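J.: Submitted below is the structure of interest, expressed as structure tokens.
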Amino acid sequence: YKQFQEERKEKQVGWSEEVLLGMEINHLMKSIKTIANLLEVGFGSAGVEIISSNLEQGNSKILYLKQNGMRVLRIFLFCDIRQFTDTTEIMKHEIFFFVNKIAEVVHSICHSLEGAANKNIGDAFLIAWNLSDESFSQNNNNEGFTNPQESCQADKALLSVLKISIALYDEAFFLDSVCVSAKRAFKEKIYDGKGSLIKIGFGLSAGYVVQGTIGSSKKVDATYISENVDMAETLEGLTKSYKVPLLMSDAYYHLLSKERQMECRQVDQLYDKNFDAIGERKTIKIYTWDMDLDNYW
């Protein structure tokens, strides 16, 4: 089809744009692009490579469940909407408008900074940033990854958190589709008088994960499995105990540029229940990046 278009331009055969747009092959190309976009949205960031590898094999059968997982490097951002149970009770059926507004902001900001949405879990979102395996190394002290070439990705993930937190102050946008009575009840029950009306907790981690598919021939999900994914979720949960909106692992912290590292604050040092190869208990340092968001907004 591309060759035909080039020949048409060279020979100037007189085919009009209306005729070309009406051709069956043009409609097929549009349909294929639409299907590809739907697959990308449905499977998320982990599914793009899986779909590509299956298509390259040229087999019409579903092969997703017959493939081994693939070991990759990623940065993970886990976001969770605070007081979601109370919010659901107040908004009832309008909760979908509210959550989708937040998802729109989270996904748009992260995608603009090269992040890719992987999962939407009701009140939570998982975002991933790619890291290159070839130029990546991990030091022997388990202090994380130290390649300066990857600091840009880590800085973008941190910038995403800051931009999302600032956007949460625009409560009119998020409550635009909610009825007046629900807005009033939401403000009376949820708002604590500090910061933005809508609050999200964030957890950032980085490391090796296994990328693959889970499910059956009836339903398949493309996902990541690793303690590093769980770490992002765990850190987000700990933000409530430490009373900070963001916590990051030491592995992620050492990915940041030196300038961003100087701005971070160590919150605590945790002891892992597991032991390393020489029998010593592992320690995990956790950090935060203090946000004075009232001055930003």
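Residue numbers start at 1 in each chain; chains themselves are named A, B, ... in the order of the structure tokens; ligands are numbered from 1 in the order shown.
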Any idea what's packed within 10 Å of Phe76 of chain A, counting only C-alpha atoms, ignoring anything in its chain fewer than 6 positions away? Could you give it as a list in words?
T.: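 Result of the neighbour search: Gly115, Ala116, Ala117, Asn118, Leu126, Ile127, Ala128, Trp129, Asn130, Ala154, Ala157, Gly203, Leu204, Ser205, Ala206, Gly207, Asn228, Val229, Asp230, Met231, Ala232, Glu233, Met248 and Tyr252 of chain A.
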J.: Taking the backbone alone, and naming residues the way the document does, which bits of segment 75-292 of chain A are helix (DSSP H, G or I) by DSSP, as a PyMOL selection string?
T.: chain A and resi 84-112+148-167+171-174+180-190+227-242+250-253+258-263
J.: Using only C-alpha atoms, which protein or nucleic acid residues come within 8 Å of Phe174 of chain A? Drop anything in the same chain fewer than 4 positions from it, and give the result as a list in words.
T.: Phe98, Lys101, Ile102 and Asp170 of chain A
J.: Kindly assemble as JSON lines a list of the segment 152-213 of chain A residues that lie within 9 Å of segment 285-292 of chain A, each paired with its nearest atom pair and their distance in Å to one decimal, using only C-alpha atoms, sorted first by chain and then by ascending residue number.
T.:
{"residue": "A:Leu158", "atom": "CA", "partner": "A:Trp289", "partner_atom": "CA", "distance": 8.6}
{"residue": "A:Leu162", "atom": "CA", "partner": "A:Met291", "partner_atom": "CA", "distance": 7.6}
{"residue": "A:Ser165", "atom": "CA", "partner": "A:Met291", "partner_atom": "CA", "distance": 8.8}
J.: Pull all heavy atoms from the residues just selected and write them as a tab-separated table (two decimals), in the first residue's frame.
T.:
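What follows is the written file selection_37.tsv:
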chain	number	residue	atom	x	y	z
A	158	LEU	N	10.40	10.54	40.12
A	158	LEU	CA	10.22	11.44	41.26
A	158	LEU	C	9.47	12.70	40.85
A	158	LEU	O	8.58	13.18	41.59
A	158	LEU	CB	11.58	11.81	41.85
A	158	LEU	CG	11.57	12.73	43.07
A	158	LEU	CD1	10.78	12.12	44.21
A	158	LEU	CD2	12.99	13.05	43.52
A	162	LEU	N	5.76	14.44	42.20
A	162	LEU	CA	5.59	15.85	42.56
A	162	LEU	C	4.47	16.49	41.74
A	162	LEU	O	3.60	17.19	42.27
A	162	LEU	CB	6.90	16.61	42.36
A	162	LEU	CG	6.87	18.11	42.66
A	162	LEU	CD1	6.48	18.36	44.11
A	162	LEU	CD2	8.21	18.76	42.35
A	165	SER	N	1.06	15.21	42.84
A	165	SER	CA	0.69	15.79	44.14
A	165	SER	C	0.22	17.22	43.99
A	165	SER	O	-0.72	17.65	44.67
A	165	SER	CB	1.90	15.73	45.09
A	165	SER	OG	2.31	14.39	45.30
